[in-house]
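Asks: Sharing data-v6.cif (mmCIF, C-alpha atoms and all ligand atoms) below.
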data_input
loop_
_atom_site.label_atom_id
_atom_site.label_comp_id
_atom_site.auth_asym_id
_atom_site.auth_seq_id
_atom_site.Cartn_x
_atom_site.Cartn_y
_atom_site.Cartn_z
CA MET N 113 -179.54 181.10 30.90
CA PRO N 114 -180.22 179.08 27.72
CA GLU N 115 -183.79 177.85 27.40
CA VAL N 116 -184.57 174.32 28.67
CA ILE N 117 -186.06 172.64 25.59
CA ASN N 118 -186.84 169.24 26.99
CA GLN N 119 -186.54 166.68 29.70
CA PHE N 120 -185.57 163.04 29.18
CA ASP N 121 -184.66 159.94 31.14
CA ALA N 122 -181.40 159.66 29.20
CA ILE N 123 -179.47 161.66 26.61
CA VAL N 124 -177.16 159.91 24.15
CA ILE N 125 -174.50 162.11 22.56
CA GLY N 126 -173.72 160.84 19.06
CA GLY N 127 -175.86 159.19 16.40
CA GLY N 128 -173.48 156.52 15.03
CA VAL N 129 -174.05 152.77 15.38
CA ILE N 130 -173.05 152.91 19.04
CA GLY N 131 -175.33 155.80 20.04
CA CYS N 132 -178.29 154.58 17.96
CA SER N 133 -178.07 151.01 19.25
CA ILE N 134 -177.94 152.14 22.88
CA ALA N 135 -180.85 154.53 22.28
CA TRP N 136 -182.81 151.67 20.73
CA ARG N 137 -182.27 149.38 23.72
CA LEU N 138 -183.14 152.13 26.25
CA ALA N 139 -186.27 153.16 24.33
CA GLN N 140 -187.33 149.50 24.10
CA ALA N 141 -187.15 149.41 27.90
CA GLY N 142 -189.59 152.34 28.07
CA MET N 143 -187.16 155.19 28.71
CA GLN N 144 -187.59 158.65 27.20
CA VAL N 145 -184.35 158.94 25.25
CA ALA N 146 -182.88 161.84 23.26
CA VAL N 147 -180.06 161.36 20.73
CA LEU N 148 -178.11 164.55 20.04
CA GLU N 149 -176.21 164.40 16.75
CA ARG N 150 -174.02 167.24 15.51
CA GLY N 151 -174.56 166.38 11.84
CA LYS N 152 -176.83 163.88 10.15
CA VAL N 153 -177.44 160.59 11.93
CA GLY N 154 -175.00 157.85 10.92
CA CYS N 155 -172.77 159.82 8.56
CA GLU N 156 -169.36 159.38 10.19
CA ALA N 157 -167.28 156.26 10.95
CA SER N 158 -170.37 154.05 11.01
CA TYR N 159 -171.14 154.97 7.41
CA ALA N 160 -167.51 154.75 6.26
CA ALA N 161 -166.81 151.29 7.69
CA GLY N 162 -166.48 147.94 5.94
CA GLY N 163 -168.97 146.00 8.07
CA MET N 164 -166.64 143.06 8.74
CA LEU N 165 -167.42 141.03 11.89
CA ALA N 166 -163.91 139.67 12.12
CA PRO N 167 -162.45 139.05 15.59
CA LEU N 168 -160.16 136.27 14.35
CA ALA N 169 -158.79 138.41 11.53
CA GLU N 170 -158.40 141.57 13.65
CA ALA N 171 -157.46 140.50 17.21
CA ASN N 172 -153.89 139.50 18.11
CA ALA N 173 -154.44 137.40 21.25
CA ALA N 174 -157.20 135.75 23.28
CA ASP N 175 -157.45 138.80 25.56
CA GLY N 176 -160.31 140.86 27.00
CA PHE N 177 -160.89 142.67 23.73
CA PHE N 178 -161.06 139.39 21.81
CA HIS N 179 -163.59 137.91 24.25
CA LEU N 180 -165.88 140.95 23.88
CA ALA N 181 -165.51 140.78 20.08
CA VAL N 182 -166.41 137.08 19.96
CA ALA N 183 -169.36 137.61 22.32
CA SER N 184 -170.66 140.40 20.09
CA ARG N 185 -170.17 138.35 16.93
CA ALA N 186 -172.21 135.55 18.50
CA MET N 187 -175.09 137.99 19.02
CA TYR N 188 -175.24 139.15 15.39
CA ALA N 189 -177.59 136.60 13.78
CA ASP N 190 -180.33 137.33 16.34
CA PHE N 191 -179.51 141.05 16.29
CA ALA N 192 -180.00 141.15 12.49
CA ARG N 193 -183.32 139.30 12.76
CA GLU N 194 -184.55 141.56 15.57
CA LEU N 195 -183.53 144.67 13.65
CA LYS N 196 -185.37 143.48 10.55
CA ALA N 197 -188.53 142.99 12.59
CA ALA N 198 -188.14 146.37 14.33
CA SER N 199 -187.18 148.44 11.28
CA GLY N 200 -188.14 146.50 8.15
CA ILE N 201 -184.49 146.81 7.00
CA ASP N 202 -182.34 143.80 6.12
CA ILE N 203 -178.74 144.50 7.17
CA GLU N 204 -177.36 141.83 4.80
CA TYR N 205 -175.78 139.61 7.43
CA ARG N 206 -173.62 137.29 5.30
CA THR N 207 -172.07 134.08 6.59
CA GLU N 208 -169.56 132.94 3.94
CA GLY N 209 -166.72 133.47 6.43
CA THR N 210 -163.35 135.16 5.98
CA LEU N 211 -160.11 134.12 4.29
CA TYR N 212 -156.70 135.43 5.39
CA LEU N 213 -154.13 134.96 2.61
CA SER N 214 -150.40 134.43 2.81
CA LEU N 215 -148.75 136.00 -0.22
CA THR N 216 -145.11 136.21 0.99
CA GLU N 217 -142.70 134.40 3.32
CA GLU N 218 -143.22 137.10 5.97
CA ASP N 219 -146.96 136.54 5.68
CA ASP N 220 -146.35 132.84 6.44
CA GLU N 221 -144.89 133.77 9.81
CA GLU N 222 -147.82 136.00 10.72
CA LEU N 223 -150.39 133.43 9.65
CA ASP N 224 -148.54 130.68 11.55
CA ARG N 225 -148.53 132.84 14.68
CA ARG N 226 -152.25 133.56 14.26
CA TRP N 227 -153.05 129.89 13.64
CA GLN N 228 -151.06 128.90 16.72
CA TRP N 229 -152.87 131.05 19.30
CA GLN N 230 -156.27 130.56 17.75
CA HIS N 231 -155.90 126.78 17.45
CA GLU N 232 -154.62 126.57 21.03
CA ALA N 233 -157.61 128.60 22.18
CA GLY N 234 -159.92 126.05 20.48
CA LEU N 235 -161.27 128.56 17.96
CA ASN N 236 -162.81 127.67 14.62
CA VAL N 237 -159.86 128.32 12.27
CA LYS N 238 -158.76 126.18 9.33
CA ARG N 239 -155.57 125.99 7.26
CA LEU N 240 -156.23 125.80 3.50
CA ASN N 241 -153.68 125.05 0.79
CA ALA N 242 -153.45 127.27 -2.30
CA GLU N 243 -155.43 124.90 -4.49
CA CYS N 244 -158.27 124.81 -2.02
CA VAL N 245 -158.34 128.62 -1.76
CA ARG N 246 -158.40 128.99 -5.53
CA LYS N 247 -161.43 126.69 -5.71
CA LEU N 248 -163.19 128.97 -3.24
CA GLU N 249 -161.96 132.21 -4.80
CA PRO N 250 -160.70 131.81 -8.39
CA LEU N 251 -159.76 135.51 -8.51
CA ALA N 252 -157.19 135.21 -5.71
CA ASN N 253 -153.62 136.10 -6.73
CA GLU N 254 -151.64 133.22 -8.27
CA LYS N 255 -148.72 133.90 -5.93
CA LEU N 256 -150.97 132.87 -3.05
CA ARG N 257 -149.11 130.38 -0.77
CA TRP N 258 -151.84 129.24 1.62
CA ALA N 259 -154.57 130.75 3.77
CA LEU N 260 -156.43 130.66 7.03
CA LYS N 261 -160.19 130.36 6.94
CA PHE N 262 -162.31 131.82 9.73
CA PRO N 263 -165.70 130.17 9.08
CA ASP N 264 -167.44 132.27 11.78
CA ASP N 265 -166.09 135.74 10.87
CA HIS N 266 -168.95 137.26 8.88
CA GLN N 267 -170.06 140.66 7.56
CA VAL N 268 -173.02 143.06 7.48
CA ASN N 269 -173.79 146.06 5.31
CA ASN N 270 -172.93 148.81 7.81
CA ARG N 271 -174.83 151.51 5.89
CA ARG N 272 -177.98 149.44 6.18
CA LEU N 273 -177.11 148.71 9.81
CA ILE N 274 -177.07 152.39 10.77
CA GLU N 275 -180.29 153.00 8.82
CA ALA N 276 -181.94 150.06 10.56
CA LEU N 277 -180.78 151.13 14.03
CA HIS N 278 -182.00 154.69 13.45
CA ALA N 279 -185.42 153.43 12.30
CA ALA N 280 -185.69 150.83 15.10
CA ALA N 281 -184.80 153.41 17.76
CA ARG N 282 -187.31 155.92 16.35
CA ASN N 283 -190.00 153.22 16.16
CA ALA N 284 -189.32 152.37 19.82
CA GLY N 285 -189.86 156.05 20.74
CA ALA N 286 -186.34 157.54 20.85
CA HIS N 287 -186.19 161.25 19.95
CA PHE N 288 -183.50 162.24 17.45
CA PHE N 289 -182.06 165.76 17.24
CA PRO N 290 -179.81 165.98 14.15
CA HIS N 291 -177.69 169.10 13.62
CA THR N 292 -177.63 169.57 17.39
CA GLU N 293 -174.10 169.58 18.72
CA ALA N 294 -173.62 168.83 22.40
CA HIS N 295 -171.18 171.33 23.89
CA GLN N 296 -171.07 170.59 27.57
CA ILE N 297 -172.14 167.85 29.96
CA LEU N 298 -173.78 169.41 33.01
CA SER N 299 -173.69 168.17 36.60
CA GLU N 300 -174.34 169.29 40.14
CA HIS N 301 -172.90 168.52 43.55
CA ARG N 302 -175.38 166.97 46.03
CA ALA N 303 -174.68 165.40 49.44
CA GLY N 304 -170.97 164.99 48.70
CA GLN N 305 -171.48 163.39 45.28
CA ARG N 306 -171.51 164.58 41.67
CA TYR N 307 -174.68 163.92 39.60
CA ILE N 308 -175.46 164.44 35.92
CA THR N 309 -178.16 167.03 35.21
CA GLY N 310 -178.14 167.25 31.42
CA VAL N 311 -176.39 168.60 28.35
CA ALA N 312 -175.88 172.12 26.99
CA HIS N 313 -176.19 171.92 23.21
CA ALA N 314 -176.38 174.09 20.14
CA ARG N 315 -180.06 174.90 20.69
CA GLY N 316 -180.31 175.18 24.47
CA ASN N 317 -180.19 172.78 27.39
CA ALA N 318 -181.60 169.26 27.64
CA VAL N 319 -182.27 167.86 31.09
CA ALA N 320 -181.67 164.22 32.11
CA PRO N 321 -180.16 162.29 35.02
CA THR N 322 -178.22 160.02 32.61
CA VAL N 323 -175.89 160.94 29.75
CA VAL N 324 -174.22 158.35 27.49
CA VAL N 325 -171.23 159.67 25.55
CA ALA N 326 -171.12 157.89 22.16
CA ALA N 327 -169.40 160.67 20.24
CA GLY N 328 -166.75 158.54 18.50
CA CYS N 329 -163.50 160.34 17.76
CA TRP N 330 -164.98 163.67 18.92
CA THR N 331 -165.40 162.42 22.50
CA GLY N 332 -162.37 164.34 23.76
CA LYS N 333 -163.78 167.62 22.47
CA LEU N 334 -166.82 167.51 24.76
CA LEU N 335 -166.66 169.70 27.81
CA PHE N 336 -167.59 168.60 31.31
CA ASP N 337 -168.80 171.54 33.41
CA GLY N 338 -166.37 173.79 31.58
CA SER N 339 -163.30 171.48 31.61
CA SER N 340 -162.44 168.86 29.03
CA THR N 341 -163.71 165.29 29.56
CA LEU N 342 -161.61 162.45 30.87
CA ILE N 343 -161.48 160.33 27.77
CA PRO N 344 -159.04 161.26 25.04
CA VAL N 345 -160.07 159.75 21.69
CA ARG N 346 -158.39 160.67 18.45
CA PRO N 347 -159.29 160.15 14.79
CA ILE N 348 -157.45 157.64 12.62
CA ARG N 349 -158.39 158.05 8.98
CA GLY N 350 -159.28 155.09 6.78
CA GLN N 351 -159.73 155.50 3.03
CA MET N 352 -161.89 153.06 1.05
CA ILE N 353 -162.75 152.31 -2.58
CA ALA N 354 -165.76 150.48 -4.02
CA ILE N 355 -164.79 148.64 -7.20
CA GLU N 356 -167.10 147.04 -9.73
CA MET N 357 -167.27 143.26 -9.14
CA PRO N 358 -165.56 141.17 -11.88
CA ALA N 359 -167.79 138.66 -13.70
CA THR N 360 -166.20 135.71 -11.84
CA GLY N 361 -167.14 137.31 -8.51
CA LEU N 362 -165.77 137.13 -4.98
CA ASN N 363 -167.66 135.43 -2.16
CA HIS N 364 -165.65 135.76 1.05
CA VAL N 365 -164.26 138.69 2.93
CA ILE N 366 -160.54 138.35 2.09
CA TYR N 367 -157.71 139.77 4.20
CA SER N 368 -154.03 139.99 3.56
CA ARG N 369 -151.64 141.52 6.13
CA ARG N 370 -151.85 144.75 4.14
CA GLY N 371 -155.49 145.16 3.21
CA TYR N 372 -158.88 143.56 2.68
CA LEU N 373 -161.68 143.02 0.16
CA ILE N 374 -165.36 142.86 1.08
CA PRO N 375 -167.77 141.54 -1.56
CA ARG N 376 -171.13 143.29 -1.39
CA LEU N 377 -174.55 142.62 -2.84
CA GLY N 378 -175.23 145.05 -5.67
CA GLY N 379 -172.22 144.12 -7.80
CA PHE N 380 -169.24 145.73 -6.11
CA VAL N 381 -166.39 144.94 -3.76
CA ILE N 382 -165.08 147.29 -1.07
CA ALA N 383 -161.30 147.61 -0.82
CA GLY N 384 -159.62 148.94 2.32
CA SER N 385 -157.91 150.64 3.88
CA THR N 386 -155.39 153.16 5.18
CA THR N 387 -154.53 153.84 8.84
CA GLU N 388 -153.55 157.52 9.01
CA ASN N 389 -152.98 159.82 11.95
CA VAL N 390 -153.93 163.09 10.21
CA GLY N 391 -156.40 164.70 12.60
CA TYR N 392 -159.99 165.49 11.64
CA ASP N 393 -159.26 165.36 7.92
CA LYS N 394 -161.67 163.20 5.94
CA ARG N 395 -160.26 163.94 2.50
CA VAL N 396 -159.65 161.15 0.05
CA THR N 397 -156.05 161.57 -1.17
CA ALA N 398 -154.16 160.37 -4.23
CA GLN N 399 -151.63 158.64 -1.97
CA GLY N 400 -154.38 156.91 0.00
CA MET N 401 -156.14 155.73 -3.14
CA ALA N 402 -152.88 154.39 -4.59
CA ALA N 403 -152.21 152.47 -1.38
CA VAL N 404 -155.71 150.96 -1.24
CA ILE N 405 -155.62 149.96 -4.92
CA ASN N 406 -152.23 148.27 -4.44
CA LYS N 407 -153.54 146.27 -1.48
CA ALA N 408 -156.68 145.27 -3.43
CA VAL N 409 -154.85 144.28 -6.60
CA GLU N 410 -152.33 142.25 -4.61
CA ILE N 411 -155.24 140.12 -3.32
CA ALA N 412 -157.16 139.90 -6.62
CA PRO N 413 -155.15 141.23 -9.62
CA GLN N 414 -158.17 141.26 -11.91
CA LEU N 415 -159.62 144.18 -9.99
CA GLN N 416 -157.22 146.53 -11.79
CA GLU N 417 -159.39 146.27 -14.90
CA GLN N 418 -162.59 147.15 -13.08
CA ALA N 419 -164.31 150.52 -12.73
CA ILE N 420 -164.11 152.51 -9.49
CA VAL N 421 -167.65 153.00 -8.21
CA GLU N 422 -167.09 155.19 -5.13
CA THR N 423 -164.31 156.49 -2.89
CA TRP N 424 -164.59 157.77 0.68
CA ALA N 425 -162.78 158.18 3.98
CA GLY N 426 -163.83 157.96 7.61
CA LEU N 427 -162.35 158.58 11.04
CA ARG N 428 -161.90 155.61 13.37
CA PRO N 429 -162.24 156.51 17.07
CA PHE N 430 -158.91 155.52 18.66
CA GLY N 431 -158.52 155.45 22.46
CA LEU N 432 -155.25 155.62 24.38
CA ASP N 433 -154.67 151.84 24.40
CA GLN N 434 -156.60 150.80 21.24
CA TRP N 435 -159.39 149.30 23.34
CA PRO N 436 -162.91 150.66 23.60
CA VAL N 437 -164.05 152.71 26.57
CA ILE N 438 -167.34 151.28 27.83
CA GLY N 439 -168.83 151.82 31.25
CA ALA N 440 -169.80 154.24 33.97
CA ASP N 441 -167.66 157.20 34.97
CA PRO N 442 -166.12 156.32 38.36
CA LYS N 443 -166.75 159.79 39.85
CA VAL N 444 -169.94 161.11 38.27
CA ASN N 445 -173.30 159.44 38.86
CA GLY N 446 -175.27 159.07 35.63
CA LEU N 447 -172.36 159.57 33.22
CA LEU N 448 -171.49 156.63 30.93
CA TYR N 449 -169.12 156.16 28.02
CA ALA N 450 -169.45 153.98 24.92
CA THR N 451 -166.66 155.14 22.69
CA ALA N 452 -163.21 154.45 21.15
CA HIS N 453 -164.30 151.32 19.28
CA TYR N 454 -161.50 152.01 16.78
CA ARG N 455 -161.45 149.33 14.01
CA ASN N 456 -164.31 147.19 15.36
CA GLY N 457 -167.30 149.34 16.27
CA ILE N 458 -169.64 147.60 13.83
CA LEU N 459 -168.67 144.20 15.26
CA LEU N 460 -168.99 145.47 18.84
CA THR N 461 -172.39 147.16 18.42
CA PRO N 462 -174.69 144.42 19.80
CA ALA N 463 -172.52 143.75 22.88
CA THR N 464 -171.96 147.45 23.59
CA ALA N 465 -175.68 148.23 23.33
CA LYS N 466 -176.55 145.33 25.63
CA ALA N 467 -173.88 146.15 28.21
CA VAL N 468 -174.54 149.90 28.36
CA SER N 469 -178.32 149.59 28.42
CA GLU N 470 -178.05 147.05 31.26
CA LEU N 471 -175.79 149.44 33.16
CA VAL N 472 -178.25 152.30 32.74
CA LEU N 473 -181.29 150.20 33.61
CA THR N 474 -179.92 148.08 36.46
CA GLY N 475 -176.51 149.45 37.45
CA ASN N 476 -174.86 146.16 36.38
CA SER N 477 -173.87 144.52 33.13
CA SER N 478 -173.98 140.80 32.29
CA ILE N 479 -170.90 141.40 30.08
CA ASN N 480 -167.52 141.85 31.78
CA LEU N 481 -166.61 145.47 31.15
CA SER N 482 -163.64 145.73 33.51
CA PRO N 483 -161.02 145.76 30.68
CA PHE N 484 -162.84 148.71 29.13
CA ALA N 485 -163.43 150.77 32.28
CA PRO N 486 -163.35 154.55 31.68
CA GLY N 487 -161.25 154.96 34.84
CA ARG N 488 -158.41 152.71 33.60
CA PHE N 489 -156.28 155.50 32.18
CA GLY N 490 -155.69 156.83 35.68
CA LEU N 491 -156.35 160.39 34.57
CA GLU N 492 -157.41 162.88 37.21
CA PRO N 493 -161.09 163.80 36.88
CA PRO N 494 -161.85 167.41 35.97
CA ILE N 495 -163.91 167.82 39.12
CA GLY N 496 -163.60 166.46 42.63
P1 LIG F 501 -169.38 157.36 14.71
O1 LIG F 501 -170.06 156.57 13.68
O2 LIG F 501 -168.24 158.24 14.28
O3 LIG F 501 -170.48 158.20 15.43
C1 LIG F 501 -170.19 159.20 16.38
C2 LIG F 501 -171.21 160.29 16.13
O4 LIG F 501 -171.12 161.25 17.17
C3 LIG F 501 -170.97 161.02 14.83
O5 LIG F 501 -172.13 160.91 14.02
C4 LIG F 501 -170.68 162.45 15.26
O6 LIG F 501 -171.18 163.41 14.36
C5 LIG F 501 -171.40 162.50 16.60
N1 LIG F 501 -170.87 163.52 17.51
C6 LIG F 501 -169.60 163.74 17.84
N2 LIG F 501 -169.48 164.75 18.72
C7 LIG F 501 -170.73 165.17 18.95
C8 LIG F 501 -171.27 166.21 19.76
N3 LIG F 501 -170.50 166.99 20.50
N4 LIG F 501 -172.62 166.39 19.75
C9 LIG F 501 -173.42 165.61 19.00
N5 LIG F 501 -172.95 164.63 18.20
C10 LIG F 501 -171.63 164.41 18.19
N6 LIG F 501 -165.62 148.37 12.33
C11 LIG F 501 -165.98 147.06 12.21
O7 LIG F 501 -166.47 146.47 13.16
N7 LIG F 501 -165.81 146.39 11.03
C12 LIG F 501 -165.26 146.99 9.94
O8 LIG F 501 -165.13 146.36 8.89
C13 LIG F 501 -164.83 148.32 10.06
N8 LIG F 501 -164.23 148.94 9.01
C14 LIG F 501 -163.87 150.24 9.11
C15 LIG F 501 -163.33 150.86 7.99
C16 LIG F 501 -163.05 152.23 8.03
C17 LIG F 501 -162.43 152.89 6.83
C18 LIG F 501 -163.36 152.97 9.20
C19 LIG F 501 -163.14 154.46 9.21
C20 LIG F 501 -163.88 152.35 10.31
C21 LIG F 501 -164.14 150.98 10.28
N9 LIG F 501 -164.66 150.30 11.39
C22 LIG F 501 -165.05 149.00 11.27
C23 LIG F 501 -164.78 150.97 12.69
C24 LIG F 501 -166.20 151.47 12.92
O9 LIG F 501 -166.62 152.21 11.80
C25 LIG F 501 -166.24 152.37 14.16
O10 LIG F 501 -165.59 151.76 15.25
C26 LIG F 501 -167.70 152.65 14.56
O11 LIG F 501 -168.41 153.14 13.46
C27 LIG F 501 -167.75 153.64 15.69
O12 LIG F 501 -169.09 153.98 15.88
P2 LIG F 501 -169.50 155.27 16.72
O13 LIG F 501 -170.97 155.34 16.74
O14 LIG F 501 -168.75 155.25 18.01
O15 LIG F 501 -168.81 156.46 15.89
N1 LIG F 502 -161.73 146.94 10.60
C1 LIG F 502 -161.26 147.44 9.35
C2 LIG F 502 -160.74 148.81 9.41
O1 LIG F 502 -160.88 149.47 10.41
O2 LIG F 502 -160.15 149.23 8.45
#
Please, can you express the file's structure as structure tokens?
Ligand code: FAD
Ligand code: GLY
Replies:
Amino acid sequence: MPEVINQFDAIVIGGGVIGCSIAWRLAQAGMQVAVLERGKVGCEASYAAGGMLAPLAEANAADGFFHLAVASRAMYADFARELKAASGIDIEYRTEGTLYLSLTEEDDEELDRRWQWQHEAGLNVKRLNAECVRKLEPLANEKLRWALKFPDDHQVNNRRLIEALHAAARNAGAHFFPHTEAHQILSEHRAGQRYITGVAHARGNAVAPTVVVAAGCWTGKLLFDGSSTLIPVRPIRGQMIAIEMPATGLNHVIYSRRGYLIPRLGGFVIAGSTTENVGYDKRVTAQGMAAVINKAVEIAPQLQEQAIVETWAGLRPFGLDQWPVIGADPKVNGLLYATAHYRNGILLTPATAKAVSELVLTGNSSINLSPFAPGRFGLEPPIG
């Protein structure tokens, strides 16, 4: 038998924004929490992301996903302040809002559709003519036709966010185990029910009655008592480029239907992205870079004269129906999932952390998690 190295109240598998934020909330509540991370904390999707908090730009209808996204966005100002106090790190929460440009006739149709459902839902969305947009963003392409403005869709610096969450969780007493891959979730059968007992990992066994799976796109690789877990999550690669900011500058996050630009403090703008189903391959490719540059230059042509500062790629965790998987396993006491946040895990961090920590601490969540229930895929559990 592998050696038992420690005993905790809860084990979180995965040290991205989702795992770290849940660990922080549980440690704040006085629990002994371990975070098992197969690599370095915060080096996967959470590091690669753009940090946009953009439900109006990303969602397609006022559905369950949209309501969670808006609820999480509403929590961000306080979340940023609390994180600063708990970690000393400013996550650069910026409130200029987001522009969504129409550059072609087909774009007009998409923007009209978006305007329609958002206006009908009473959301804060404005139509701006080209002249107005150019006053806000002089670098926007001259072929710009009009734009939507989402005054409440903001951004944070996601690399600072993961650093802050890691520090805040550590300061609250969470124990981090980097370079410790979880292999298998362990359980036992008692009085007709299945209960979590811990996790077998690269360095032995850790014991706990609660395990939260926050393993991003690797979730489906975890074993449950020797079988694979219930939740299939696959990687969708996104390639990004940081480009030196032109002297005129950009202020807003700017979307087109094909890509986006994110102005950052420190004199650069992030251009994204690709959406590629290429497995666990994080390479930056020539084709990907060409695509991202084309999208960026279409929004702000002057960027083509600027220096490239950095390139990278990350793997978005994609669930079966594009929606996150958040909640308790229907068959196994003490097993919870917080995964498959796909394109919006940074946005959804505060709400996910609140909902999952409430579930662990009280058995209920003040946020409606039914659309995200782990049991919704109707897959047969690996054990009875
Ligand atoms: P991750 O950050 O991937 O963390 C999961 C962690 O689990 C990893 O560190 C991994 O090493 C660890 N792990 C996996 N298996 C194991 C195991 N067996 N044992 C131990 N550890 C394990 N979202 C937004 O809201 N706004 C954006 O603007 C945005 N832009 C994006 C742009 C790109 C290019 C990409 C790739 C993503 C973007 N996202 C954005 C999505 C966002 O990055 C993700 O949804 C979010 O980071 C998911 O967080 P996570 O903690 O679940 O995953
Ligand atoms: N949310 C932006 C992206 O995933 O590319």
Asks: What separation in Å, quoted to one decimal, exists between CA of Pro486 in chain N and CA of Thr309 in chain N?
Replies: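 Computed distance, CA of Pro486 in chain N to CA of Thr309 in chain N, equals 19.7 Å.
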Asks: By how many Å are CA of Ala242 in chain N and CA of Ala169 in chain N apart?
Replies: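 Pair CA of Ala242 in chain N / CA of Ala169 in chain N returns 18.5 Å.
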Asks: Give the answer as one residue: which of N:Thr216, N:Ser477, N:Gln296, N:Thr397 has the shortest atom-to-atom distance to ligand LIG 501 (chain F), using all atoms listed in the file?
Replies: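 Checking each of N:Thr216, N:Ser477, N:Gln296, N:Thr397 against ligand LIG 501 (chain F), counting all atoms listed in the file, the winner is N:Gln296.
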Asks: CA of Leu138 in chain N and atom O4 of ligand LIG 501 (chain F), how far apart in Å?
Replies: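 Distance between the two atoms: 17.6 Å.
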Asks: Show me, as a ChimeraX atom specification, the residues that have an atom within 7 Å of Gln267 in chain N when counting all atoms listed in the file, minus same-chain residues fewer than 4 positions from it.
Replies: /N:163-165,205-207
Asks: Counting only C-alpha atoms and all ligand atoms, which protein, DNA or RNA residues come within 7 Å of ligand LIG 501 (chain F), given as a PyMOL selection string?
Replies: chain N and resi 125-131+148-165+292-295+326-331+334+349-352+384-385+425-429+451-460
Asks: Counting only C-alpha atoms, which residues come within 8 Å of (-178.7, 141.2, 11.9), with the point read in the file's coordinates, and could you list them as a CSV table (one decimal) with C-alpha atoms, in the frame of the given file?
Replies:
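result.csv, written as the output of this step:
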chain,number,residue,atom,x,y,z
N,188,TYR,CA,-175.2,139.2,15.4
N,189,ALA,CA,-177.6,136.6,13.8
N,190,ASP,CA,-180.3,137.3,16.3
N,191,PHE,CA,-179.5,141.0,16.3
N,192,ALA,CA,-180.0,141.2,12.5
N,193,ARG,CA,-183.3,139.3,12.8
N,194,GLU,CA,-184.6,141.6,15.6
N,195,LEU,CA,-183.5,144.7,13.6
N,196,LYS,CA,-185.4,143.5,10.6
N,202,ASP,CA,-182.3,143.8,6.1
N,203,ILE,CA,-178.7,144.5,7.2
N,204,GLU,CA,-177.4,141.8,4.8
N,205,TYR,CA,-175.8,139.6,7.4
N,268,VAL,CA,-173.0,143.1,7.5
N,273,LEU,CA,-177.1,148.7,9.8
Asks: Using only C-alpha atoms, can you tell me which of N:Asn269, N:Phe120, N:Asn283, N:Arg395 comes closest to Arg376 in chain N?
Replies: N:Asn269
Asks: Find the residues with any atom within 8 Å of (-176.1, 154.3, 30.6); use all atoms listed in the file and the coordinates as given in the file, and write the answer as a ChimeraX atom specification.
Replies: /N:122,322-324,439-440,446-449,468-473
Asks: Of the residues N:Pro358, N:Gly332, N:Pro347, N:Gly234, which is the one nearest to ligand LIG 502 (chain F), using only C-alpha atoms and all ligand atoms?
Replies: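 Using only C-alpha atoms and all ligand atoms, ligand LIG 502 (chain F) sits closest to N:Pro347.
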Asks: Which residue, N:Thr387, N:Ser478, N:Ser214, N:Ser368, has the smallest gap to ligand LIG 502 (chain F) when you use all atoms listed in the file?
Replies: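 Result for the nearest residue to ligand LIG 502 (chain F): N:Thr387.
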Asks: Kindly indicate which residue among N:Phe262, N:His287, N:Thr360, N:Asp337 lies nearest to Gly310 in chain N, using only C-alpha atoms for the distances.
Replies: N:Asp337
Asks: Tell me which of N:Gly200, N:Pro321, N:Gly285, N:Gly371 sits closest to ligand LIG 502 (chain F), counting all atoms listed in the file.
Replies: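 Counting all atoms listed in the file, the residue closest to ligand LIG 502 (chain F) is N:Gly371.
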